[in-house]
file final25.cif (mmCIF, C-alpha atoms)
data_start
#
loop_
_atom_site.label_atom_id
_atom_site.label_comp_id
_atom_site.auth_asym_id
_atom_site.auth_seq_id
_atom_site.Cartn_x
_atom_site.Cartn_y
_atom_site.Cartn_z
CA MET A 760 43.96 110.19 63.98
CA THR A 761 46.94 112.30 65.08
CA ARG A 762 48.65 110.95 68.13
CA ALA A 763 48.97 113.47 70.94
CA VAL A 764 52.51 114.31 72.01
CA THR A 765 53.01 113.64 75.70
CA PRO A 766 56.17 113.53 77.83
CA GLU A 767 56.18 109.78 77.29
CA THR A 768 55.99 110.09 73.49
CA THR A 769 58.27 113.11 72.95
CA LEU A 770 61.18 112.29 70.72
CA PRO A 771 64.59 112.15 72.47
CA GLU A 772 66.88 115.14 72.14
CA PRO A 773 69.26 114.73 69.16
CA ALA A 774 72.78 113.64 70.08
CA GLU A 775 74.23 116.71 68.35
CA SER A 776 72.18 118.99 70.59
CA ARG A 777 73.27 117.12 73.71
CA THR A 778 76.90 117.44 72.58
CA ARG A 779 76.51 121.20 72.10
CA ASP A 780 74.90 121.56 75.53
CA ARG A 781 77.71 119.60 77.16
CA ALA A 782 80.35 121.68 75.39
CA ARG A 783 78.70 124.90 76.58
CA THR A 784 78.45 123.58 80.13
CA GLU A 785 82.09 122.45 80.16
CA ALA A 786 83.20 125.85 78.85
CA ALA A 787 81.16 127.62 81.53
CA ILE A 788 82.63 125.43 84.26
CA ILE A 789 86.20 126.01 83.08
CA ALA A 790 85.59 129.77 82.88
CA ALA A 791 84.15 129.74 86.40
CA ALA A 792 87.07 127.66 87.67
CA ARG A 793 89.57 130.12 86.22
CA GLN A 794 87.76 133.01 87.88
CA VAL A 795 87.72 131.27 91.26
CA LEU A 796 91.39 130.36 90.89
CA ALA A 797 92.39 133.91 89.96
CA GLU A 798 90.42 135.44 92.83
CA SER A 799 90.97 132.94 95.64
CA GLY A 800 93.95 130.79 94.67
CA PHE A 801 94.04 127.10 95.45
CA GLN A 802 93.03 127.75 99.06
CA GLY A 803 89.56 128.78 97.91
CA PHE A 804 89.46 126.48 94.91
CA GLY A 805 87.08 123.55 95.22
CA VAL A 806 84.22 121.78 93.50
CA ASN A 807 81.58 123.60 95.54
CA ALA A 808 83.07 127.04 94.86
CA VAL A 809 83.35 126.37 91.12
CA ALA A 810 79.81 124.98 90.93
CA ARG A 811 78.44 128.08 92.68
CA ARG A 812 80.29 130.39 90.29
CA ALA A 813 79.18 128.39 87.24
CA ASP A 814 75.62 128.14 88.63
CA CYS A 815 75.52 124.40 88.01
CA ASP A 816 75.16 121.16 89.93
CA LYS A 817 78.52 120.06 91.27
CA GLN A 818 77.84 116.57 90.00
CA LEU A 819 78.41 117.90 86.49
CA ILE A 820 82.02 118.66 87.43
CA TYR A 821 82.51 115.04 88.43
CA ARG A 822 80.62 113.78 85.37
CA TYR A 823 82.49 115.90 82.82
CA PHE A 824 85.93 116.24 84.42
CA GLY A 825 86.15 113.41 86.97
CA GLY A 826 86.62 115.89 89.80
CA LEU A 827 88.97 118.69 90.73
CA GLU A 828 92.14 117.18 89.25
CA GLY A 829 90.49 116.66 85.88
CA LEU A 830 89.18 120.22 85.95
CA VAL A 831 92.69 121.55 86.63
CA GLU A 832 93.99 119.46 83.72
CA ALA A 833 91.36 121.06 81.49
CA ILE A 834 92.46 124.52 82.64
CA GLY A 835 96.08 123.55 81.96
CA SER A 836 95.20 122.38 78.46
CA GLN A 837 93.38 125.64 77.78
CA LEU A 838 96.29 127.72 79.09
CA ALA A 839 98.76 125.66 77.03
CA THR A 840 96.77 126.43 73.88
CA TRP A 841 96.69 130.10 74.85
CA LEU A 842 100.47 130.16 75.31
CA GLU A 843 101.19 128.40 72.01
CA ASP A 844 98.93 130.91 70.26
CA SER A 845 100.66 133.78 72.07
CA LEU A 846 104.11 132.57 71.01
CA ALA A 847 103.09 132.25 67.37
CA GLU A 848 102.38 134.90 64.77
CA PRO A 849 100.29 133.80 61.78
CA GLY A 850 102.25 133.75 58.53
CA GLU A 851 105.60 134.54 60.13
CA ALA A 852 108.81 133.37 58.50
CA PRO A 853 110.79 130.67 60.30
CA PRO A 854 113.66 131.97 62.45
CA ALA A 855 116.87 132.32 60.47
CA THR A 856 119.17 131.41 63.38
CA TYR A 857 118.94 129.74 66.76
CA ALA A 858 119.40 133.18 68.32
CA ASP A 859 116.29 134.36 66.46
CA LEU A 860 114.42 131.37 67.85
CA ALA A 861 115.52 132.04 71.43
CA GLU A 862 114.74 135.75 71.15
CA ARG A 863 111.24 135.11 69.87
CA LEU A 864 110.54 132.60 72.62
CA ILE A 865 111.73 134.78 75.49
CA LEU A 866 110.28 138.11 74.35
CA ARG A 867 106.92 136.65 73.39
CA PHE A 868 106.73 134.79 76.68
CA LEU A 869 107.42 138.10 78.42
CA ASP A 870 104.54 139.80 76.59
CA ALA A 871 102.17 136.87 77.08
CA LEU A 872 102.90 136.65 80.80
CA ARG A 873 102.43 140.38 81.30
CA ALA A 874 99.00 140.12 79.68
CA ASN A 875 97.70 137.20 81.77
CA PRO A 876 97.26 137.76 85.53
CA LEU A 877 96.17 134.16 86.12
CA VAL A 878 99.36 132.74 84.64
CA GLN A 879 101.32 135.24 86.73
CA LYS A 880 99.65 133.84 89.85
CA ILE A 881 100.37 130.28 88.77
CA ALA A 882 104.03 131.19 88.32
CA ALA A 883 104.09 132.66 91.83
CA TRP A 884 102.39 129.57 93.28
CA GLU A 885 105.14 127.40 91.79
CA VAL A 886 107.44 128.82 94.47
CA ALA A 887 105.01 129.58 97.29
CA ASP A 888 102.72 126.55 97.01
CA PRO A 889 104.21 123.79 94.84
CA SER A 890 101.23 121.45 95.16
CA PRO A 891 100.37 118.67 92.67
CA LEU A 892 97.61 120.84 91.20
CA VAL A 893 100.05 123.70 90.62
CA ALA A 894 102.55 121.24 89.14
CA CYS A 895 99.89 120.15 86.63
CA LEU A 896 99.49 123.72 85.38
CA THR A 897 103.25 124.27 85.34
CA MET A 898 103.80 121.14 83.27
CA ALA A 899 101.14 122.19 80.76
CA ARG A 900 102.85 125.54 80.29
CA GLY A 901 106.27 123.94 79.90
CA MET A 902 105.00 121.45 77.34
CA ALA A 903 103.44 124.27 75.33
CA MET A 904 106.87 125.90 75.09
CA VAL A 905 108.49 122.60 74.11
CA ARG A 906 105.94 122.06 71.34
CA TRP A 907 106.43 125.58 70.01
CA ILE A 908 110.22 125.18 69.93
CA ALA A 909 109.94 121.79 68.21
CA ARG A 910 107.65 123.28 65.56
CA MET A 911 109.73 126.41 64.93
CA ARG A 912 113.35 125.28 65.17
CA GLY A 913 113.47 123.05 62.08
CA ASP A 914 117.12 122.20 61.44
CA LEU A 915 118.48 125.03 63.59
CA THR A 916 121.02 124.05 66.23
CA PRO A 917 122.79 126.17 68.86
CA PRO A 918 126.58 126.44 68.97
CA ALA A 919 128.00 123.07 69.99
CA ALA A 920 129.86 124.43 73.02
CA LEU A 921 126.81 126.24 74.39
CA ASP A 922 124.31 124.68 76.82
CA ALA A 923 121.28 126.23 75.13
CA PRO A 924 118.59 124.66 77.37
CA ALA A 925 120.31 125.98 80.51
CA LEU A 926 120.83 129.42 78.97
CA ASN A 927 117.23 129.68 77.79
CA VAL A 928 115.77 128.58 81.11
CA VAL A 929 117.88 131.18 82.95
CA LEU A 930 116.58 133.91 80.65
CA ILE A 931 112.99 132.68 80.90
CA ALA A 932 113.26 132.58 84.70
CA ALA A 933 114.68 136.10 84.73
CA VAL A 934 111.85 137.40 82.55
CA GLN A 935 109.28 135.63 84.70
CA GLN A 936 110.68 137.17 87.89
CA LEU A 937 110.67 140.63 86.34
CA VAL A 938 107.05 140.29 85.25
CA LEU A 939 105.98 139.10 88.71
CA SER A 940 107.89 141.91 90.40
CA GLY A 941 106.45 144.45 87.98
CA ALA A 942 102.93 143.24 88.72
CA SER A 943 103.39 143.29 92.49
CA SER A 944 105.55 146.34 93.13
CA GLY A 945 106.24 148.05 89.81
CA MET A 946 109.99 147.58 90.06
CA PHE A 947 112.82 145.14 90.65
CA SER A 948 116.11 146.01 92.32
CA GLY A 949 115.54 149.72 91.77
CA VAL A 950 114.60 149.37 88.07
CA ASP A 951 111.12 150.66 87.21
CA LEU A 952 108.75 148.20 85.52
CA ARG A 953 105.62 150.31 85.30
CA THR A 954 105.41 151.71 81.77
CA ASP A 955 105.78 150.38 78.25
CA ALA A 956 109.01 152.38 78.00
CA ASP A 957 110.34 150.52 81.04
CA TRP A 958 109.54 147.20 79.39
CA ASP A 959 111.10 148.32 76.10
CA ARG A 960 114.28 148.78 78.11
CA ILE A 961 113.99 145.19 79.38
CA ARG A 962 113.36 143.87 75.85
CA THR A 963 116.49 145.63 74.60
CA ALA A 964 118.50 144.06 77.41
CA VAL A 965 117.11 140.60 76.60
CA ARG A 966 118.04 140.98 72.93
CA ARG A 967 121.59 141.97 73.82
CA LEU A 968 121.94 139.03 76.19
CA VAL A 969 120.61 136.55 73.64
CA ARG A 970 122.75 137.85 70.80
CA GLY A 971 125.81 138.02 73.01
CA ALA A 972 125.30 134.51 74.34
CA TYR A 973 124.83 133.07 70.88
CA LEU A 974 127.74 135.11 69.52
CA GLU A 975 125.68 137.14 67.09
CA THR A 976 125.49 140.88 66.50
#

call {"tool": "encode", "arguments": {"input": "final25.cif", "output": "structure tokens"}}
result
Amino acid sequence: MTRAVTPETTLPEPAESRTRDRARTEAAIIAAARQVLAESGFQGFGVNAVARRADCDKQLIYRYFGGLEGLVEAIGSQLATWLEDSLAEPGEAPPATYADLAERLILRFLDALRANPLVQKIAAWEVADPSPLVACLTMARGMAMVRWIARMRGDLTPPAALDAPALNVVLIAAVQQLVLSGASSGMFSGVDLRTDADWDRIRTAVRRLVRGAYLET
């Protein structure tokens, strides 16, 4: 006689299926968290707000991420992966000189930052609201850059008399400020930052600064 299937006798859900469901739920929560963060900033960012946007029980945020800090770490990890992917070009040749390396880093960071409003807001919060949660996202972005440089530089070294880390951070900070100013007002110090032609002008200036600093033509 065939045994009837009842709730008590139903086979348990396969572990693989549970893993897929969890992965989908985590992805939905992170996507919702990014949306809330982009729209409301950290002032409106909380477990309840994210759960409402993700249409899930807030207990899942604690279960999967350990709370708000763990969720921010997950966002930081996702943004770090995005930045490393943005800095890389599949199949590209290694940089021939340290100047090539620095130019790639700075110009690709410029393009990546222009294309990501959330990262622009995070960069602005670093100055306006340097909270531990913001610091977590800032550190993730910085480590993504460090990993990219370590992977791409190989045996390349800057001129011995040049403080390359200080020079690069000045140029990165300058690019970041220009992108933020372009997004907020469309200009900086009387220079237009509205069109692709305007940004081509900035890229040319960055190239000249990098090549001049590293004594290359």

call {"tool": "residues_around", "arguments": {"input": "final25.cif", "residues": "segment 894-908 of chain A", "least_positions_apart": "6", "cutoff": "6 Å", "atoms": "only C-alpha atoms", "output": "JSON list (two decimals) with C-alpha atoms, keeping the file's coordinate frame"}}
result
[["chain", "number", "residue", "atom", "x", "y", "z"],
["A", 835, "GLY", "CA", 96.08, 123.55, 81.96],
["A", 839, "ALA", "CA", 98.76, 125.66, 77.03],
["A", 843, "GLU", "CA", 101.19, 128.40, 72.01]]

call {"tool": "resolve_selection", "arguments": {"input": "final25.cif", "expression": "the PyMOL selection byres ((chain A and resi 831-834) around 9)", "output": "list in words"}}
result
Ile789, Ala790, Ala792, Arg793, Phe824, Gly826, Leu827, Glu828, Gly829, Leu830, Gly835, Ser836, Gln837, Leu838, Ala839, Leu892, Val893, Cys895, Leu896 and Ala899 of chain A

call {"tool": "residues_around", "arguments": {"input": "final25.cif", "residues": "Thr856 of chain A", "least_positions_apart": "2", "cutoff": "10 Å", "atoms": "all atoms listed in the file", "output": "list in words"}}
result
Pro853, Pro854, Ala858, Asp859, Leu860, Ala861, Glu862, Arg912, Asp914, Leu915, Thr916, Pro917, Tyr973 and Glu975 of chain A

call {"tool": "write_last_selection", "arguments": {"input": "final25.cif", "atoms": "C-alpha atoms", "output": "short mmCIF file (atom, residue, chain, number, x, y, z; two decimals), in the frame of the given file"}}
result
data_model
loop_
_atom_site.label_atom_id
_atom_site.label_comp_id
_atom_site.auth_asym_id
_atom_site.auth_seq_id
_atom_site.Cartn_x
_atom_site.Cartn_y
_atom_site.Cartn_z
CA PRO A 853 110.79 130.67 60.30
CA PRO A 854 113.66 131.97 62.45
CA ALA A 858 119.40 133.18 68.32
CA ASP A 859 116.29 134.36 66.46
CA LEU A 860 114.42 131.37 67.85
CA ALA A 861 115.52 132.04 71.43
CA GLU A 862 114.74 135.75 71.15
CA ARG A 912 113.35 125.28 65.17
CA ASP A 914 117.12 122.20 61.44
CA LEU A 915 118.48 125.03 63.59
CA THR A 916 121.02 124.05 66.23
CA PRO A 917 122.79 126.17 68.86
CA TYR A 973 124.83 133.07 70.88
CA GLU A 975 125.68 137.14 67.09
#

call {"tool": "atom_distance", "arguments": {"input": "final25.cif", "atom1": "atom CA of Met911 of chain A", "atom2": "atom CA of Val928 of chain A"}}
result
17.4 Å

call {"tool": "residues_around", "arguments": {"input": "final25.cif", "residues": "Glu798 of chain A", "least_positions_apart": "2", "cutoff": "12 Å", "atoms": "all atoms listed in the file", "output": "number ranges by chain"}}
result
A: 791-796, 800-804, 808-809, 812, 876-877, 880-881

call {"tool": "atom_distance", "arguments": {"input": "final25.cif", "atom1": "atom CA of Ala964 of chain A", "atom2": "atom CA of Val929 of chain A"}}
result
14.0 Å

call {"tool": "axis_aligned_box", "arguments": {"input": "final25.cif", "around": "segment 947-951 of chain A", "padding_each_side": "8 Å", "output": "lines of an AutoDock Vina configuration file"}}
result
center_x = 113.6
center_y = 147.9
center_z = 89.8
size_x = 21.0
size_y = 21.5
size_z = 21.1

call {"tool": "atom_distance", "arguments": {"input": "final25.cif", "atom1": "atom CA of Ala883 of chain A", "atom2": "atom CA of Ala871 of chain A"}}
result
15.5 Å

call {"tool": "closest_residue", "arguments": {"input": "final25.cif", "among": "A:Ile820, A:Leu952, A:Ala787, A:Val938", "to": "Ala874 of chain A", "atoms": "only C-alpha atoms"}}
result
A:Val938

call {"tool": "closest_residue", "arguments": {"input": "final25.cif", "among": "A:Ala956, A:Ala972, A:Val878, A:Ile961", "to": "Ala797 of chain A", "atoms": "all atoms listed in the file"}}
result
A:Val878

call {"tool": "closest_residue", "arguments": {"input": "final25.cif", "among": "A:Cys815, A:Ala909, A:Ile788, A:Leu872", "to": "Leu842 of chain A", "atoms": "only C-alpha atoms"}}
result
A:Leu872

call {"tool": "closest_residue", "arguments": {"input": "final25.cif", "among": "A:Ala852, A:Glu785, A:Asp957, A:Tyr821", "to": "Asn807 of chain A", "atoms": "only C-alpha atoms"}}
result
A:Tyr821

call {"tool": "closest_residue", "arguments": {"input": "final25.cif", "among": "A:Arg811, A:Arg953, A:Arg967, A:Arg867", "to": "Leu939 of chain A", "atoms": "only C-alpha atoms"}}
result
A:Arg953

call {"tool": "decode", "arguments": {"input": "final25.cif", "residues": "segment 817-858 of chain A", "atoms": "N, CA and C atoms", "output": "mmCIF file, in the first residue's frame"}}
result
data_model
loop_
_atom_site.group_PDB
_atom_site.id
_atom_site.type_symbol
_atom_site.label_atom_id
_atom_site.label_comp_id
_atom_site.auth_asym_id
_atom_site.auth_seq_id
_atom_site.Cartn_x
_atom_site.Cartn_y
_atom_site.Cartn_z
ATOM 1 N N LYS A 817 12.949 41.137 9.256
ATOM 2 C CA LYS A 817 14.217 41.730 9.660
ATOM 3 C C LYS A 817 15.129 40.734 10.368
ATOM 4 N N GLN A 818 14.551 39.669 10.896
ATOM 5 C CA GLN A 818 15.374 38.669 11.560
ATOM 6 C C GLN A 818 16.331 38.003 10.585
ATOM 7 N N LEU A 819 15.964 37.982 9.306
ATOM 8 C CA LEU A 819 16.869 37.404 8.310
ATOM 9 C C LEU A 819 18.141 38.229 8.187
ATOM 10 N N ILE A 820 18.062 39.534 8.388
ATOM 11 C CA ILE A 820 19.255 40.380 8.331
ATOM 12 C C ILE A 820 20.199 40.022 9.468
ATOM 13 N N TYR A 821 19.641 39.777 10.641
ATOM 14 C CA TYR A 821 20.480 39.361 11.764
ATOM 15 C C TYR A 821 21.021 37.946 11.544
ATOM 16 N N ARG A 822 20.187 37.071 10.989
ATOM 17 C CA ARG A 822 20.606 35.686 10.801
ATOM 18 C C ARG A 822 21.716 35.580 9.757
ATOM 19 N N TYR A 823 21.582 36.302 8.652
ATOM 20 C CA TYR A 823 22.526 36.157 7.554
ATOM 21 C C TYR A 823 23.738 37.088 7.662
ATOM 22 N N PHE A 824 23.546 38.256 8.289
ATOM 23 C CA PHE A 824 24.630 39.246 8.310
ATOM 24 C C PHE A 824 25.077 39.629 9.723
ATOM 25 N N GLY A 825 24.350 39.181 10.735
ATOM 26 C CA GLY A 825 24.711 39.521 12.105
ATOM 27 C C GLY A 825 24.274 40.910 12.518
ATOM 28 N N GLY A 826 23.528 41.592 11.666
ATOM 29 C CA GLY A 826 23.072 42.939 11.983
ATOM 30 C C GLY A 826 23.548 43.953 10.971
ATOM 31 N N LEU A 827 23.421 45.220 11.331
ATOM 32 C CA LEU A 827 23.701 46.308 10.403
ATOM 33 C C LEU A 827 25.172 46.368 10.007
ATOM 34 N N GLU A 828 26.077 46.170 10.954
ATOM 35 C CA GLU A 828 27.499 46.252 10.638
ATOM 36 C C GLU A 828 27.902 45.168 9.640
ATOM 37 N N GLY A 829 27.406 43.960 9.845
ATOM 38 C CA GLY A 829 27.709 42.884 8.910
ATOM 39 C C GLY A 829 27.136 43.152 7.534
ATOM 40 N N LEU A 830 25.970 43.780 7.479
ATOM 41 C CA LEU A 830 25.361 44.124 6.196
ATOM 42 C C LEU A 830 26.213 45.167 5.475
ATOM 43 N N VAL A 831 26.706 46.157 6.213
ATOM 44 C CA VAL A 831 27.572 47.166 5.603
ATOM 45 C C VAL A 831 28.861 46.528 5.100
ATOM 46 N N GLU A 832 29.406 45.576 5.847
ATOM 47 C CA GLU A 832 30.606 44.871 5.385
ATOM 48 C C GLU A 832 30.333 44.131 4.080
ATOM 49 N N ALA A 833 29.147 43.541 3.962
ATOM 50 C CA ALA A 833 28.786 42.847 2.721
ATOM 51 C C ALA A 833 28.679 43.827 1.561
ATOM 52 N N ILE A 834 28.111 45.000 1.818
ATOM 53 C CA ILE A 834 28.050 46.030 0.776
ATOM 54 C C ILE A 834 29.455 46.454 0.391
ATOM 55 N N GLY A 835 30.324 46.645 1.392
ATOM 56 C CA GLY A 835 31.703 47.031 1.107
ATOM 57 C C GLY A 835 32.416 45.995 0.272
ATOM 58 N N SER A 836 32.216 44.723 0.577
ATOM 59 C CA SER A 836 32.835 43.651 -0.203
ATOM 60 C C SER A 836 32.343 43.674 -1.645
ATOM 61 N N GLN A 837 31.050 43.903 -1.823
ATOM 62 C CA GLN A 837 30.481 43.968 -3.163
ATOM 63 C C GLN A 837 31.035 45.159 -3.942
ATOM 64 N N LEU A 838 31.132 46.311 -3.282
ATOM 65 C CA LEU A 838 31.666 47.499 -3.940
ATOM 66 C C LEU A 838 33.157 47.344 -4.247
ATOM 67 N N ALA A 839 33.892 46.641 -3.382
ATOM 68 C CA ALA A 839 35.314 46.399 -3.639
ATOM 69 C C ALA A 839 35.483 45.551 -4.891
ATOM 70 N N THR A 840 34.646 44.515 -5.033
ATOM 71 C CA THR A 840 34.697 43.681 -6.235
ATOM 72 C C THR A 840 34.362 44.500 -7.464
ATOM 73 N N TRP A 841 33.340 45.352 -7.342
ATOM 74 C CA TRP A 841 32.972 46.224 -8.469
ATOM 75 C C TRP A 841 34.146 47.106 -8.872
ATOM 76 N N LEU A 842 34.847 47.702 -7.892
ATOM 77 C CA LEU A 842 35.937 48.606 -8.214
ATOM 78 C C LEU A 842 37.099 47.851 -8.855
ATOM 79 N N GLU A 843 37.451 46.687 -8.323
ATOM 80 C CA GLU A 843 38.533 45.909 -8.932
ATOM 81 C C GLU A 843 38.195 45.551 -10.371
ATOM 82 N N ASP A 844 36.930 45.184 -10.622
ATOM 83 C CA ASP A 844 36.510 44.880 -11.989
ATOM 84 C C ASP A 844 36.568 46.123 -12.872
ATOM 85 N N SER A 845 36.219 47.272 -12.304
ATOM 86 C CA SER A 845 36.224 48.522 -13.068
ATOM 87 C C SER A 845 37.646 48.959 -13.420
ATOM 88 N N LEU A 846 38.596 48.670 -12.542
ATOM 89 C CA LEU A 846 39.983 49.056 -12.795
ATOM 90 C C LEU A 846 40.663 48.143 -13.801
ATOM 91 N N ALA A 847 40.135 46.944 -13.967
ATOM 92 C CA ALA A 847 40.765 45.957 -14.850
ATOM 93 C C ALA A 847 40.113 45.955 -16.227
ATOM 94 N N GLU A 848 40.884 45.550 -17.208
ATOM 95 C CA GLU A 848 40.358 45.303 -18.545
ATOM 96 C C GLU A 848 40.810 43.911 -18.951
ATOM 97 N N PRO A 849 39.872 43.012 -19.272
ATOM 98 C CA PRO A 849 40.236 41.632 -19.591
ATOM 99 C C PRO A 849 41.242 41.558 -20.743
ATOM 100 N N GLY A 850 42.288 40.775 -20.546
ATOM 101 C CA GLY A 850 43.265 40.550 -21.599
ATOM 102 C C GLY A 850 44.253 41.676 -21.830
ATOM 103 N N GLU A 851 44.237 42.705 -20.982
ATOM 104 C CA GLU A 851 45.139 43.826 -21.199
ATOM 105 C C GLU A 851 46.584 43.447 -20.881
ATOM 106 N N ALA A 852 47.499 44.110 -21.570
ATOM 107 C CA ALA A 852 48.921 43.886 -21.312
ATOM 108 C C ALA A 852 49.318 44.575 -20.009
ATOM 109 N N PRO A 853 50.287 44.029 -19.298
ATOM 110 C CA PRO A 853 50.754 44.690 -18.084
ATOM 111 C C PRO A 853 51.305 46.078 -18.403
ATOM 112 N N PRO A 854 51.241 47.007 -17.471
ATOM 113 C CA PRO A 854 51.812 48.337 -17.723
ATOM 114 C C PRO A 854 53.313 48.240 -17.957
ATOM 115 N N ALA A 855 53.803 49.037 -18.904
ATOM 116 C CA ALA A 855 55.228 48.977 -19.241
ATOM 117 C C ALA A 855 56.081 49.754 -18.249
ATOM 118 N N THR A 856 55.508 50.786 -17.643
ATOM 119 C CA THR A 856 56.248 51.623 -16.698
ATOM 120 C C THR A 856 55.368 51.921 -15.496
ATOM 121 N N TYR A 857 55.991 52.440 -14.440
ATOM 122 C CA TYR A 857 55.204 52.813 -13.263
ATOM 123 C C TYR A 857 54.253 53.963 -13.598
ATOM 124 N N ALA A 858 54.658 54.831 -14.512
ATOM 125 C CA ALA A 858 53.762 55.911 -14.939
ATOM 126 C C ALA A 858 52.515 55.347 -15.609
#
